[in-house]
$ cat protein06.pdb   # PDB, C-alpha atoms (C1' of nucleotides)
ATOM      1  CA  MET A   1     110.387 131.463 100.424
ATOM      2  CA  ILE A   2     108.299 129.475  98.033
ATOM      3  CA  SER A   3     110.000 128.806  94.747
ATOM      4  CA  ILE A   4     107.986 127.466  91.879
ATOM      5  CA  ARG A   5     109.587 124.350  90.581
ATOM      6  CA  LYS A   6     109.657 123.304  86.987
ATOM      7  CA  THR A   7     107.743 120.082  87.296
ATOM      8  CA  GLU A   8     106.017 120.092  83.993
ATOM      9  CA  MET A   9     102.828 118.117  84.127
ATOM     10  CA  ARG A  10     101.696 116.107  81.228
ATOM     11  CA  LEU A  11      98.385 117.361  79.989
ATOM     12  CA  THR A  12      96.371 114.229  79.440
ATOM     13  CA  PRO A  13      92.695 114.255  78.419
ATOM     14  CA  GLN A  14      91.668 113.131  81.891
ATOM     15  CA  ARG A  15      93.624 115.913  83.509
ATOM     16  CA  MET A  16      92.259 118.451  81.080
ATOM     17  CA  ALA A  17      88.728 117.361  81.902
ATOM     18  CA  ILE A  18      89.368 117.741  85.619
ATOM     19  CA  LEU A  19      91.055 121.100  85.141
ATOM     20  CA  GLU A  20      88.203 122.271  82.993
ATOM     21  CA  TYR A  21      85.687 121.316  85.641
ATOM     22  CA  LEU A  22      87.670 123.046  88.345
ATOM     23  CA  HIS A  23      88.392 126.191  86.394
ATOM     24  CA  GLY A  24      86.385 129.025  87.837
ATOM     25  CA  ASN A  25      84.460 126.629  90.046
ATOM     26  CA  ILE A  26      83.470 128.336  93.305
ATOM     27  CA  GLU A  27      81.553 125.381  94.746
ATOM     28  CA  HIS A  28      84.535 123.922  96.592
ATOM     29  CA  PRO A  29      83.931 120.464  95.140
ATOM     30  CA  SER A  30      84.987 117.247  96.795
ATOM     31  CA  ALA A  31      86.784 114.380  95.091
ATOM     32  CA  GLU A  32      83.419 112.768  94.568
ATOM     33  CA  ASP A  33      81.983 115.876  92.924
ATOM     34  CA  ILE A  34      84.898 115.955  90.533
ATOM     35  CA  TYR A  35      84.612 112.257  89.817
ATOM     36  CA  LYS A  36      80.885 112.376  89.115
ATOM     37  CA  ASN A  37      81.156 115.337  86.815
ATOM     38  CA  VAL A  38      84.104 114.149  84.774
ATOM     39  CA  LYS A  39      82.776 110.594  84.638
ATOM     40  CA  GLY A  40      80.049 111.904  82.359
ATOM     41  CA  ARG A  41      82.522 112.864  79.684
ATOM     42  CA  TYR A  42      85.101 110.206  80.494
ATOM     43  CA  PRO A  43      83.268 107.049  81.542
ATOM     44  CA  SER A  44      86.573 105.329  82.146
ATOM     45  CA  MET A  45      87.534 107.892  84.780
ATOM     46  CA  SER A  46      88.386 106.367  88.135
ATOM     47  CA  PHE A  47      88.687 107.757  91.634
ATOM     48  CA  ALA A  48      92.354 106.915  91.626
ATOM     49  CA  THR A  49      92.895 109.267  88.698
ATOM     50  CA  VAL A  50      90.964 112.015  90.430
ATOM     51  CA  TYR A  51      93.128 111.719  93.515
ATOM     52  CA  ASN A  52      96.322 111.403  91.490
ATOM     53  CA  THR A  53      95.463 114.459  89.456
ATOM     54  CA  ILE A  54      94.540 116.513  92.488
ATOM     55  CA  GLU A  55      97.821 115.528  94.061
ATOM     56  CA  ALA A  56      99.695 116.661  90.969
ATOM     57  CA  LEU A  57      97.748 119.909  90.836
ATOM     58  CA  LYS A  58      98.432 120.574  94.488
ATOM     59  CA  LYS A  59     102.142 120.036  93.996
ATOM     60  CA  ASN A  60     102.118 122.469  91.110
ATOM     61  CA  GLY A  61     100.224 125.065  93.050
ATOM     62  CA  LEU A  62      97.111 124.962  90.910
ATOM     63  CA  VAL A  63      94.672 123.773  93.529
ATOM     64  CA  ARG A  64      94.251 124.400  97.218
ATOM     65  CA  GLU A  65      93.040 121.728  99.607
ATOM     66  CA  LEU A  66      90.471 122.927 102.106
ATOM     67  CA  THR A  67      89.968 121.458 105.551
ATOM     68  CA  ILE A  68      86.635 123.128 106.155
ATOM     69  CA  ASP A  69      84.577 119.974 105.958
ATOM     70  CA  PRO A  70      85.264 117.364 108.631
ATOM     71  CA  VAL A  71      83.823 114.614 106.449
ATOM     72  CA  LYS A  72      85.658 115.034 103.184
ATOM     73  CA  ARG A  73      88.307 117.187 101.615
ATOM     74  CA  ARG A  74      87.279 119.964  99.342
ATOM     75  CA  TYR A  75      89.272 121.626  96.638
ATOM     76  CA  ASP A  76      89.525 125.159  95.454
ATOM     77  CA  PRO A  77      91.108 126.201  92.170
ATOM     78  CA  ASN A  78      91.282 129.780  93.356
ATOM     79  CA  MET A  79      94.828 130.232  94.581
ATOM     80  CA  GLU A  80      94.470 133.885  95.398
ATOM     81  CA  LEU A  81      94.589 134.580  99.076
ATOM     82  CA  HIS A  82      91.021 134.385 100.214
ATOM     83  CA  HIS A  83      88.809 133.360 103.075
ATOM     84  CA  HIS A  84      85.537 131.591 103.697
ATOM     85  CA  MET A  85      82.166 132.326 105.180
ATOM     86  CA  ILE A  86      80.493 129.171 106.388
ATOM     87  CA  CYS A  87      76.778 129.086 106.990
ATOM     88  CA  MET A  88      76.071 127.076 110.106
ATOM     89  CA  ASP A  89      72.568 126.279 108.907
ATOM     90  CA  CYS A  90      73.057 124.986 105.368
ATOM     91  CA  ASN A  91      76.853 124.441 105.470
ATOM     92  CA  LYS A  92      77.390 126.340 102.247
ATOM     93  CA  VAL A  93      80.790 127.884 101.857
ATOM     94  CA  ARG A  94      81.277 131.233 100.251
ATOM     95  CA  ASP A  95      84.505 132.951  99.252
ATOM     96  CA  VAL A  96      85.606 136.242 100.685
ATOM     97  CA  HIS A  97      88.100 138.008  98.475
ATOM     98  CA  ILE A  98      89.879 140.369 100.730
ATOM     99  CA  LYS A  99      93.419 140.532 101.930
ATOM    100  CA  LEU A 100      93.577 140.566 105.685
ATOM    101  CA  ASP A 101      96.635 141.763 107.507
ATOM    102  CA  ILE A 102      96.116 140.328 110.931
ATOM    103  CA  ASN A 103      98.412 141.513 113.632
ATOM    104  CA  VAL A 104      99.439 139.034 116.301
ATOM    105  CA  PRO A 105     101.176 140.414 119.403
ATOM    106  CA  VAL A 106     104.784 139.294 119.716
ATOM    107  CA  GLU A 107     104.181 137.625 123.063
ATOM    108  CA  GLN A 108     101.635 135.339 121.394
ATOM    109  CA  LEU A 109     103.940 134.491 118.508
ATOM    110  CA  GLY A 110     106.678 132.833 120.558
ATOM    111  CA  GLY A 111     109.090 132.913 117.647
ATOM    112  CA  PHE A 112     106.523 131.644 115.147
ATOM    113  CA  TYR A 113     106.915 133.116 111.692
ATOM    114  CA  ILE A 114     103.581 133.733 110.005
ATOM    115  CA  SER A 115     103.592 133.576 106.231
ATOM    116  CA  ASP A 116      99.911 133.227 105.488
ATOM    117  CA  ASN A 117      96.494 133.281 107.072
ATOM    118  CA  HIS A 118      93.106 131.870 106.373
ATOM    119  CA  VAL A 119      89.956 132.985 108.119
ATOM    120  CA  GLU A 120      86.772 131.032 108.539
ATOM    121  CA  PHE A 121      83.801 133.215 109.299
ATOM    122  CA  TYR A 122      80.905 131.392 110.877
ATOM    123  CA  GLY A 123      77.393 132.655 110.753
ATOM    124  CA  THR A 124      74.200 132.557 108.740
ATOM    125  CA  CYS A 125      73.808 133.197 105.042
ATOM    126  CA  SER A 126      71.121 135.500 103.703
ATOM    127  CA  GLU A 127      68.956 132.627 102.417
ATOM    128  CA  CYS A 128      68.909 130.854 105.772
ATOM    129  CA  ARG A 129      68.285 134.088 107.616
ATOM    130  CA  GLU A 130      65.177 134.661 105.533
ATOM    131  CA  LYS A 131      63.998 131.129 106.111
ATOM    132  CA  ASN A 132      64.528 131.478 109.836
ATOM    133  CA  ILE A 133      62.602 134.722 109.937
ATOM    134  CA  LYS A 134      59.679 133.073 108.174
ATOM    135  CA  LYS A 135      59.721 130.247 110.650
ATOM    136  CA  GLY A 136      59.646 132.869 113.362
ATOM    137  CA  GLU A 137      62.846 131.556 114.827
TER
ATOM    138  CA  MET B 138      87.193 125.534 131.123
ATOM    139  CA  ILE B 139      85.274 122.346 131.246
ATOM    140  CA  SER B 140      82.514 122.311 133.803
ATOM    141  CA  ILE B 141      79.884 119.714 133.471
ATOM    142  CA  ARG B 142      77.734 120.961 136.288
ATOM    143  CA  LYS B 143      75.150 122.924 134.425
ATOM    144  CA  THR B 144      74.610 120.351 131.723
ATOM    145  CA  GLU B 145      72.174 117.540 131.928
ATOM    146  CA  MET B 146      74.763 114.956 131.039
ATOM    147  CA  ARG B 147      75.085 111.889 133.106
ATOM    148  CA  LEU B 148      78.516 111.708 134.630
ATOM    149  CA  THR B 149      79.669 108.160 134.143
ATOM    150  CA  PRO B 150      83.189 106.983 135.025
ATOM    151  CA  GLN B 151      84.073 106.683 131.344
ATOM    152  CA  ARG B 152      82.973 110.226 130.664
ATOM    153  CA  MET B 153      84.844 111.508 133.674
ATOM    154  CA  ALA B 154      88.017 109.824 132.458
ATOM    155  CA  ILE B 155      87.654 111.439 129.034
ATOM    156  CA  LEU B 156      86.872 114.816 130.549
ATOM    157  CA  GLU B 157      89.832 114.546 132.842
ATOM    158  CA  TYR B 158      92.131 113.781 129.943
ATOM    159  CA  LEU B 159      90.782 116.684 127.936
ATOM    160  CA  HIS B 160      90.825 119.211 130.748
ATOM    161  CA  GLY B 161      93.545 121.749 130.081
ATOM    162  CA  ASN B 162      94.874 119.669 127.215
ATOM    163  CA  ILE B 163      96.417 121.917 124.562
ATOM    164  CA  GLU B 164      97.572 119.116 122.260
ATOM    165  CA  HIS B 165      94.390 119.069 120.156
ATOM    166  CA  PRO B 166      94.030 115.301 120.542
ATOM    167  CA  SER B 167      92.270 113.060 118.067
ATOM    168  CA  ALA B 168      89.697 110.400 118.938
ATOM    169  CA  GLU B 169      92.505 107.882 118.865
ATOM    170  CA  ASP B 170      94.624 109.908 121.281
ATOM    171  CA  ILE B 171      91.719 110.068 123.679
ATOM    172  CA  TYR B 172      90.998 106.376 123.314
ATOM    173  CA  LYS B 173      94.595 105.320 123.877
ATOM    174  CA  ASN B 174      95.003 107.465 126.944
ATOM    175  CA  VAL B 175      91.762 106.550 128.646
ATOM    176  CA  LYS B 176      92.112 102.884 127.717
ATOM    177  CA  GLY B 177      95.004 102.728 130.174
ATOM    178  CA  ARG B 178      92.733 103.496 133.090
ATOM    179  CA  TYR B 179      89.596 101.936 131.627
ATOM    180  CA  PRO B 180      90.567  98.841 129.667
ATOM    181  CA  SER B 181      86.947  98.303 128.736
ATOM    182  CA  MET B 182      86.821 101.661 126.973
ATOM    183  CA  SER B 183      85.738 101.434 123.368
ATOM    184  CA  PHE B 184      85.980 103.796 120.431
ATOM    185  CA  ALA B 185      82.210 103.979 120.310
ATOM    186  CA  THR B 186      82.174 105.463 123.788
ATOM    187  CA  VAL B 187      84.839 107.984 122.850
ATOM    188  CA  TYR B 188      82.807 109.143 119.888
ATOM    189  CA  ASN B 189      79.558 109.123 121.819
ATOM    190  CA  THR B 190      81.079 111.145 124.606
ATOM    191  CA  ILE B 191      82.652 113.656 122.258
ATOM    192  CA  GLU B 192      79.294 114.029 120.562
ATOM    193  CA  ALA B 193      77.631 114.707 123.885
ATOM    194  CA  LEU B 194      80.341 117.175 124.876
ATOM    195  CA  LYS B 195      80.032 118.984 121.586
ATOM    196  CA  LYS B 196      76.287 119.316 121.995
ATOM    197  CA  ASN B 197      76.786 120.757 125.441
ATOM    198  CA  GLY B 198      79.383 123.213 124.236
ATOM    199  CA  LEU B 199      82.235 121.710 126.211
ATOM    200  CA  VAL B 200      84.421 120.683 123.326
ATOM    201  CA  ARG B 201      85.189 122.202 119.971
ATOM    202  CA  GLU B 202      85.788 120.112 116.897
ATOM    203  CA  LEU B 203      88.691 121.253 114.772
ATOM    204  CA  THR B 204      88.962 120.732 111.039
ATOM    205  CA  ILE B 205      92.634 121.598 110.834
ATOM    206  CA  ASP B 206      93.807 118.088 110.079
ATOM    207  CA  PRO B 207      92.583 116.628 106.796
ATOM    208  CA  VAL B 208      93.151 113.089 108.022
ATOM    209  CA  LYS B 209      91.334 113.015 111.336
ATOM    210  CA  ARG B 210      89.262 115.235 113.523
ATOM    211  CA  ARG B 211      90.888 116.894 116.467
ATOM    212  CA  TYR B 212      89.258 118.178 119.596
ATOM    213  CA  ASP B 213      89.868 121.165 121.751
ATOM    214  CA  PRO B 214      88.446 121.610 125.242
ATOM    215  CA  ASN B 215      89.230 125.292 125.147
ATOM    216  CA  MET B 216      85.985 126.986 124.211
ATOM    217  CA  GLU B 217      87.299 130.496 124.550
ATOM    218  CA  LEU B 218      87.479 132.259 121.249
ATOM    219  CA  HIS B 219      90.920 131.480 119.968
ATOM    220  CA  HIS B 220      92.903 130.793 116.844
ATOM    221  CA  HIS B 221      95.642 128.510 115.630
ATOM    222  CA  MET B 222      99.161 128.785 114.313
ATOM    223  CA  ILE B 223     100.016 125.786 112.193
ATOM    224  CA  CYS B 224     103.635 124.959 111.457
ATOM    225  CA  MET B 225     103.931 123.807 107.873
ATOM    226  CA  ASP B 226     107.076 121.860 108.663
ATOM    227  CA  CYS B 227     106.122 119.767 111.701
ATOM    228  CA  ASN B 228     102.320 120.223 111.571
ATOM    229  CA  LYS B 229     102.134 121.193 115.234
ATOM    230  CA  VAL B 230      99.221 123.367 116.158
ATOM    231  CA  ARG B 231      99.535 126.129 118.671
ATOM    232  CA  ASP B 232      96.799 128.226 120.242
ATOM    233  CA  VAL B 233      96.610 131.977 119.855
ATOM    234  CA  HIS B 234      94.533 133.567 122.552
ATOM    235  CA  ILE B 235      93.485 136.858 121.167
ATOM    236  CA  LYS B 236      90.170 138.242 120.180
ATOM    237  CA  LEU B 237      90.168 139.398 116.601
ATOM    238  CA  ASP B 238      87.579 141.798 115.313
ATOM    239  CA  ILE B 239      87.837 141.303 111.600
ATOM    240  CA  ASN B 240      86.009 143.725 109.433
ATOM    241  CA  VAL B 241      84.483 142.457 106.231
ATOM    242  CA  PRO B 242      83.246 145.047 103.726
ATOM    243  CA  VAL B 243      79.485 144.989 103.242
ATOM    244  CA  GLU B 244      79.790 144.247  99.524
ATOM    245  CA  GLN B 245      81.625 141.023 100.374
ATOM    246  CA  LEU B 246      79.072 140.006 102.986
ATOM    247  CA  GLY B 247      76.098 139.753 100.667
ATOM    248  CA  GLY B 248      73.695 139.561 103.575
ATOM    249  CA  PHE B 249      75.748 137.036 105.494
ATOM    250  CA  TYR B 250      75.624 137.503 109.228
ATOM    251  CA  ILE B 251      78.954 136.776 110.886
ATOM    252  CA  SER B 252      78.765 135.566 114.449
ATOM    253  CA  ASP B 253      82.219 134.131 114.930
ATOM    254  CA  ASN B 254      85.597 133.782 113.293
ATOM    255  CA  HIS B 255      88.495 131.418 113.416
ATOM    256  CA  VAL B 256      91.881 132.166 111.951
ATOM    257  CA  GLU B 257      94.502 129.683 110.889
ATOM    258  CA  PHE B 258      97.932 131.193 110.674
ATOM    259  CA  TYR B 259     100.351 129.236 108.537
ATOM    260  CA  GLY B 260     104.074 129.507 108.894
ATOM    261  CA  THR B 261     107.052 128.038 110.698
ATOM    262  CA  CYS B 262     107.427 127.467 114.407
ATOM    263  CA  SER B 263     110.536 128.556 116.271
ATOM    264  CA  GLU B 264     111.875 124.992 116.589
ATOM    265  CA  CYS B 265     111.627 124.310 112.872
ATOM    266  CA  ARG B 266     113.095 127.683 112.018
ATOM    267  CA  GLU B 267     116.179 126.850 114.074
ATOM    268  CA  LYS B 268     116.460 123.449 112.439
ATOM    269  CA  ASN B 269     116.187 124.992 108.994
ATOM    270  CA  ILE B 270     118.867 127.554 109.784
ATOM    271  CA  LYS B 271     121.211 124.786 110.880
ATOM    272  CA  LYS B 272     120.553 122.891 107.674
ATOM    273  CA  GLY B 273     121.422 126.081 105.828
ATOM    274  CA  GLU B 274     118.075 126.164 104.169
TER
ATOM    275  C1'  DT C 275     112.995 101.608  64.227
ATOM    276  C1'  DC C 276     113.377  99.360  68.589
ATOM    277  C1'  DC C 277     114.298  99.715  73.380
ATOM    278  C1'  DT C 278     114.311 101.831  77.690
ATOM    279  C1'  DT C 279     112.634 104.836  80.988
ATOM    280  C1'  DG C 280     109.457 107.197  83.434
ATOM    281  C1'  DA C 281     105.007 109.187  83.901
ATOM    282  C1'  DC C 282      99.963 108.195  83.672
ATOM    283  C1'  DT C 283      95.669 105.500  84.057
ATOM    284  C1'  DA C 284      92.555 102.361  86.119
ATOM    285  C1'  DA C 285      90.569  98.501  88.753
ATOM    286  C1'  DG C 286      90.258  96.732  92.840
ATOM    287  C1'  DA C 287      92.192  95.735  97.360
ATOM    288  C1'  DA C 288      93.617  97.709 101.641
ATOM    289  C1'  DT C 289      93.468 101.099 105.202
ATOM    290  C1'  DG C 290      91.637 103.680 108.648
ATOM    291  C1'  DA C 291      88.455 107.038 110.755
ATOM    292  C1'  DT C 292      83.859 107.318 111.843
ATOM    293  C1'  DT C 293      79.135 105.666 112.273
ATOM    294  C1'  DC C 294      75.698 102.172 112.934
ATOM    295  C1'  DT C 295      73.626  98.128 115.110
ATOM    296  C1'  DT C 296      72.540  95.465 118.650
ATOM    297  C1'  DA C 297      72.632  93.635 123.089
ATOM    298  C1'  DT C 298      73.134  94.678 127.594
ATOM    299  C1'  DG C 299      73.548  97.557 131.659
ATOM    300  C1'  DT C 300      72.328 101.611 134.563
ATOM    301  C1'  DT C 301      69.882 105.581 136.408
ATOM    302  C1'  DA C 302      65.844 108.440 137.295
ATOM    303  C1'  DT C 303      61.384 108.826 138.291
ATOM    304  C1'  DA C 304      56.396 107.836 138.166
TER
ATOM    305  C1'  DT D 305      59.061  98.167 141.414
ATOM    306  C1'  DA D 306      58.453  99.062 136.653
ATOM    307  C1'  DT D 307      59.433 101.555 132.857
ATOM    308  C1'  DA D 308      61.562 104.744 129.975
ATOM    309  C1'  DA D 309      65.604 107.093 128.849
ATOM    310  C1'  DC D 310      70.200 107.154 128.663
ATOM    311  C1'  DA D 311      75.075 104.629 128.448
ATOM    312  C1'  DT D 312      78.325 101.299 127.258
ATOM    313  C1'  DA D 313      80.749  98.165 124.256
ATOM    314  C1'  DA D 314      81.784  94.836 120.597
ATOM    315  C1'  DG D 315      81.822  94.282 116.152
ATOM    316  C1'  DA D 316      79.911  95.173 111.630
ATOM    317  C1'  DA D 317      79.219  98.590 108.162
ATOM    318  C1'  DT D 318      80.355 102.671 105.691
ATOM    319  C1'  DC D 319      82.974 105.592 103.160
ATOM    320  C1'  DA D 320      86.887 108.654 101.882
ATOM    321  C1'  DT D 321      91.397 107.990 100.779
ATOM    322  C1'  DT D 322      95.610 105.442  99.705
ATOM    323  C1'  DC D 323      98.074 101.552  97.917
ATOM    324  C1'  DT D 324      99.124  97.904  94.620
ATOM    325  C1'  DT D 325      99.588  96.181  90.421
ATOM    326  C1'  DA D 326      99.204  95.803  85.701
ATOM    327  C1'  DG D 327      98.788  97.872  81.610
ATOM    328  C1'  DT D 328      99.279 102.144  78.424
ATOM    329  C1'  DC D 329     101.623 105.888  76.401
ATOM    330  C1'  DA D 330     105.188 109.372  75.088
ATOM    331  C1'  DA D 331     109.973 110.907  74.547
ATOM    332  C1'  DG D 332     114.741 110.124  73.836
ATOM    333  C1'  DG D 333     118.761 107.494  72.748
ATOM    334  C1'  DA D 334     121.254 103.717  70.346
TER
END

$ encode --input "protein06.pdb" --output "structure tokens"
Amino acid sequence: MISIRKTEMRLTPQRMAILEYLHGNIEHPSAEDIYKNVKGRYPSMSFATVYNTIEALKKNGLVRELTIDPVKRRYDPNMELHHHMICMDCNKVRDVHIKLDINVPVEQLGGFYISDNHVEFYGTCSECREKNIKKGE
Amino acid sequence: MISIRKTEMRLTPQRMAILEYLHGNIEHPSAEDIYKNVKGRYPSMSFATVYNTIEALKKNGLVRELTIDPVKRRYDPNMELHHHMICMDCNKVRDVHIKLDINVPVEQLGGFYISDNHVEFYGTCSECREKNIKKGE
DNA sequence: TCCTTGACTAAGAATGATTCTTATGTTATA
DNA sequence: TATAACATAAGAATCATTCTTAGTCAAGGA
């Protein structure tokens, strides 16, 4: 079982700025997104600090690393169990807040113990569907 | 399974070697894995050709690109709808061959049209579970 | 207070996967 | 045969991420 460890982070201005940007953010920002945004308020901010901070946040269970994008990592401050709908036209990622109890037959498990699941739904978002209809596609 | 027949791809020796390596491969190899293996038989093989070939295979629906690994892309010749169990201890990825009809409530969809899904199950594989028991964890 | 320790920041170098460029070769077909 | 379209391959370029190193800062003990 997961036990939360008492690794108290120091709350530096840089970290606060990053946390503030991430808080409630549903855009699944990349390291670059974070950097660019926080750089505005903290011109001395460097990529190294972004990565260091993310690493610290991950360790403390405050941020989830997503592997949706093959090009760059994306981060999600929403630690609640949730899933993603990915539009195959515009690549936008949207959260799906439902708890899914997915049953896997024992013969498929082969002794594997499942503790968590994450579903990627692929398809087309409403905006792209409208666009496609207009284009007569 | 991989059948190149109906595609309009040119079947060069290099491509055949890559296809042969991928055929039935359940290891989810990376570009480097492919390169290293095929290099043995085709010393002139280059990374560029590996990537070009993968790109062509993807376009023709013969290979699926996986985003499981944040460090490098992995490829899967199995195009049947399937899912993955990822061991959080040893990072091994195992296929789960079941069709899952996952129902998403309309209010969560927001007009999104779902055509496909892919589930990542996280947990511990049987080997790692045994190891952990021995370590008294 | 001063010193020590350890955590944090930041700049730039290093790494490494992927893509691009360019030159050359090969196949298909008009 | 000529030409266009497609393939290969070497190395350069790109770009996200990690590493290195040096400097800063805070807390605690003597």

$ resolve_selection --input "protein06.pdb" --expression "the PyMOL selection byres ((chain C and resi 281-293) around 8)" --output "NGL selection string"
(:A and (44-46 or 48-49)) or (:B and (209)) or (:C and (280 or 294)) or (:D and (318 or 322-324 or 328-329))

$ interface_residues --input "protein06.pdb" --of "chain A" --to "chain D" --cutoff "10 Å" --atoms "all atoms listed in the file" --output "ChimeraX atom specification"
/A:10,31-32,47-48,51,71-73

$ calpha_fit_rmsd --input "protein06.pdb" --fixed "chain B" --moving "chain A"
3.1 Å

$ resolve_selection --input "protein06.pdb" --expression "the PyMOL selection byres ((chain A and resi 97) around 6)" --output "JSON, numbers by chain"
{"A": [82, 96, 98]}

$ residues_around --input "protein06.pdb" --residues "Arg266 (chain B)" --least-positions-apart "3" --cutoff "10 Å" --atoms "all atoms listed in the file" --output "list in words"
Gly111, Phe112 and Tyr113 of chain A; Cys224, Asp226, Gly260, Thr261, Cys262, Ser263, Asn269, Ile270, Lys271, Lys272 and Glu274 of chain B

$ closest_atom_pairs --input "protein06.pdb" --of "chain A" --to "chain B" --cutoff "12 Å" --atoms "only C-alpha atoms" --output "JSON lines"
{"residue": "A:Met1", "atom": "CA", "partner": "B:Glu274", "partner_atom": "CA", "distance": 10.1}
{"residue": "A:Ile2", "atom": "CA", "partner": "B:Gly260", "partner_atom": "CA", "distance": 11.7}
{"residue": "A:Glu65", "atom": "CA", "partner": "B:Pro207", "partner_atom": "CA", "distance": 8.8}
{"residue": "A:Leu66", "atom": "CA", "partner": "B:Pro207", "partner_atom": "CA", "distance": 8.1}
{"residue": "A:Thr67", "atom": "CA", "partner": "B:Thr204", "partner_atom": "CA", "distance": 5.6}
{"residue": "A:Ile68", "atom": "CA", "partner": "B:Thr204", "partner_atom": "CA", "distance": 5.9}
{"residue": "A:Asp69", "atom": "CA", "partner": "B:Thr204", "partner_atom": "CA", "distance": 6.8}
{"residue": "A:Pro70", "atom": "CA", "partner": "B:Thr204", "partner_atom": "CA", "distance": 5.6}
{"residue": "A:Val71", "atom": "CA", "partner": "B:Arg210", "partner_atom": "CA", "distance": 8.9}
{"residue": "A:Lys72", "atom": "CA", "partner": "B:Pro207", "partner_atom": "CA", "distance": 8.0}
{"residue": "A:Arg73", "atom": "CA", "partner": "B:Pro207", "partner_atom": "CA", "distance": 6.7}
{"residue": "A:Arg74", "atom": "CA", "partner": "B:Pro207", "partner_atom": "CA", "distance": 9.7}
{"residue": "A:Tyr75", "atom": "CA", "partner": "B:Pro207", "partner_atom": "CA", "distance": 11.8}
{"residue": "A:His82", "atom": "CA", "partner": "B:Gln245", "partner_atom": "CA", "distance": 11.5}
{"residue": "A:His83", "atom": "CA", "partner": "B:Val256", "partner_atom": "CA", "distance": 9.5}
{"residue": "A:His84", "atom": "CA", "partner": "B:Asn254", "partner_atom": "CA", "distance": 9.8}
{"residue": "A:Met85", "atom": "CA", "partner": "B:Ile251", "partner_atom": "CA", "distance": 7.9}
{"residue": "A:Ile86", "atom": "CA", "partner": "B:Ile251", "partner_atom": "CA", "distance": 9.0}
{"residue": "A:Cys87", "atom": "CA", "partner": "B:Phe249", "partner_atom": "CA", "distance": 8.2}
{"residue": "A:Met88", "atom": "CA", "partner": "B:Ser252", "partner_atom": "CA", "distance": 9.9}
{"residue": "A:Asp89", "atom": "CA", "partner": "B:Tyr250", "partner_atom": "CA", "distance": 11.6}
{"residue": "A:Lys92", "atom": "CA", "partner": "B:Phe249", "partner_atom": "CA", "distance": 11.3}
{"residue": "A:Val93", "atom": "CA", "partner": "B:Phe249", "partner_atom": "CA", "distance": 11.1}
{"residue": "A:Arg94", "atom": "CA", "partner": "B:Leu246", "partner_atom": "CA", "distance": 9.5}
{"residue": "A:Asp95", "atom": "CA", "partner": "B:Gln245", "partner_atom": "CA", "distance": 8.6}
{"residue": "A:Val96", "atom": "CA", "partner": "B:Gln245", "partner_atom": "CA", "distance": 6.2}
{"residue": "A:His97", "atom": "CA", "partner": "B:Gln245", "partner_atom": "CA", "distance": 7.4}
{"residue": "A:Ile98", "atom": "CA", "partner": "B:Val241", "partner_atom": "CA", "distance": 8.0}
{"residue": "A:Lys99", "atom": "CA", "partner": "B:Val241", "partner_atom": "CA", "distance": 10.1}
{"residue": "A:Leu100", "atom": "CA", "partner": "B:Ile239", "partner_atom": "CA", "distance": 8.3}
{"residue": "A:Asp101", "atom": "CA", "partner": "B:Ile239", "partner_atom": "CA", "distance": 9.7}
{"residue": "A:Ile102", "atom": "CA", "partner": "B:Leu237", "partner_atom": "CA", "distance": 8.3}
{"residue": "A:Asn103", "atom": "CA", "partner": "B:Leu237", "partner_atom": "CA", "distance": 9.0}
{"residue": "A:Val104", "atom": "CA", "partner": "B:Ile235", "partner_atom": "CA", "distance": 8.0}
{"residue": "A:Pro105", "atom": "CA", "partner": "B:Ile235", "partner_atom": "CA", "distance": 8.7}
{"residue": "A:Val106", "atom": "CA", "partner": "B:Val233", "partner_atom": "CA", "distance": 11.0}
{"residue": "A:Glu107", "atom": "CA", "partner": "B:Val233", "partner_atom": "CA", "distance": 10.0}
{"residue": "A:Gln108", "atom": "CA", "partner": "B:Val233", "partner_atom": "CA", "distance": 6.2}
{"residue": "A:Leu109", "atom": "CA", "partner": "B:Val233", "partner_atom": "CA", "distance": 7.9}
{"residue": "A:Gly110", "atom": "CA", "partner": "B:Ser263", "partner_atom": "CA", "distance": 7.2}
{"residue": "A:Gly111", "atom": "CA", "partner": "B:Ser263", "partner_atom": "CA", "distance": 4.8}
{"residue": "A:Phe112", "atom": "CA", "partner": "B:Cys262", "partner_atom": "CA", "distance": 4.3}
{"residue": "A:Tyr113", "atom": "CA", "partner": "B:Thr261", "partner_atom": "CA", "distance": 5.2}
{"residue": "A:Ile114", "atom": "CA", "partner": "B:Gly260", "partner_atom": "CA", "distance": 4.4}
{"residue": "A:Ser115", "atom": "CA", "partner": "B:Gly260", "partner_atom": "CA", "distance": 4.9}
{"residue": "A:Asp116", "atom": "CA", "partner": "B:Tyr259", "partner_atom": "CA", "distance": 5.0}
{"residue": "A:Asn117", "atom": "CA", "partner": "B:Phe258", "partner_atom": "CA", "distance": 4.4}
{"residue": "A:His118", "atom": "CA", "partner": "B:Glu257", "partner_atom": "CA", "distance": 5.2}
{"residue": "A:Val119", "atom": "CA", "partner": "B:Val256", "partner_atom": "CA", "distance": 4.4}
{"residue": "A:Glu120", "atom": "CA", "partner": "B:His255", "partner_atom": "CA", "distance": 5.2}
{"residue": "A:Phe121", "atom": "CA", "partner": "B:Asn254", "partner_atom": "CA", "distance": 4.4}
{"residue": "A:Tyr122", "atom": "CA", "partner": "B:Asp253", "partner_atom": "CA", "distance": 5.1}
{"residue": "A:Gly123", "atom": "CA", "partner": "B:Ile251", "partner_atom": "CA", "distance": 4.4}
{"residue": "A:Thr124", "atom": "CA", "partner": "B:Tyr250", "partner_atom": "CA", "distance": 5.2}
{"residue": "A:Cys125", "atom": "CA", "partner": "B:Phe249", "partner_atom": "CA", "distance": 4.3}
{"residue": "A:Ser126", "atom": "CA", "partner": "B:Gly248", "partner_atom": "CA", "distance": 4.8}
{"residue": "A:Glu127", "atom": "CA", "partner": "B:Gly248", "partner_atom": "CA", "distance": 8.5}
{"residue": "A:Cys128", "atom": "CA", "partner": "B:Phe249", "partner_atom": "CA", "distance": 9.2}
{"residue": "A:Arg129", "atom": "CA", "partner": "B:Tyr250", "partner_atom": "CA", "distance": 8.3}
{"residue": "A:Glu130", "atom": "CA", "partner": "B:Gly248", "partner_atom": "CA", "distance": 10.0}
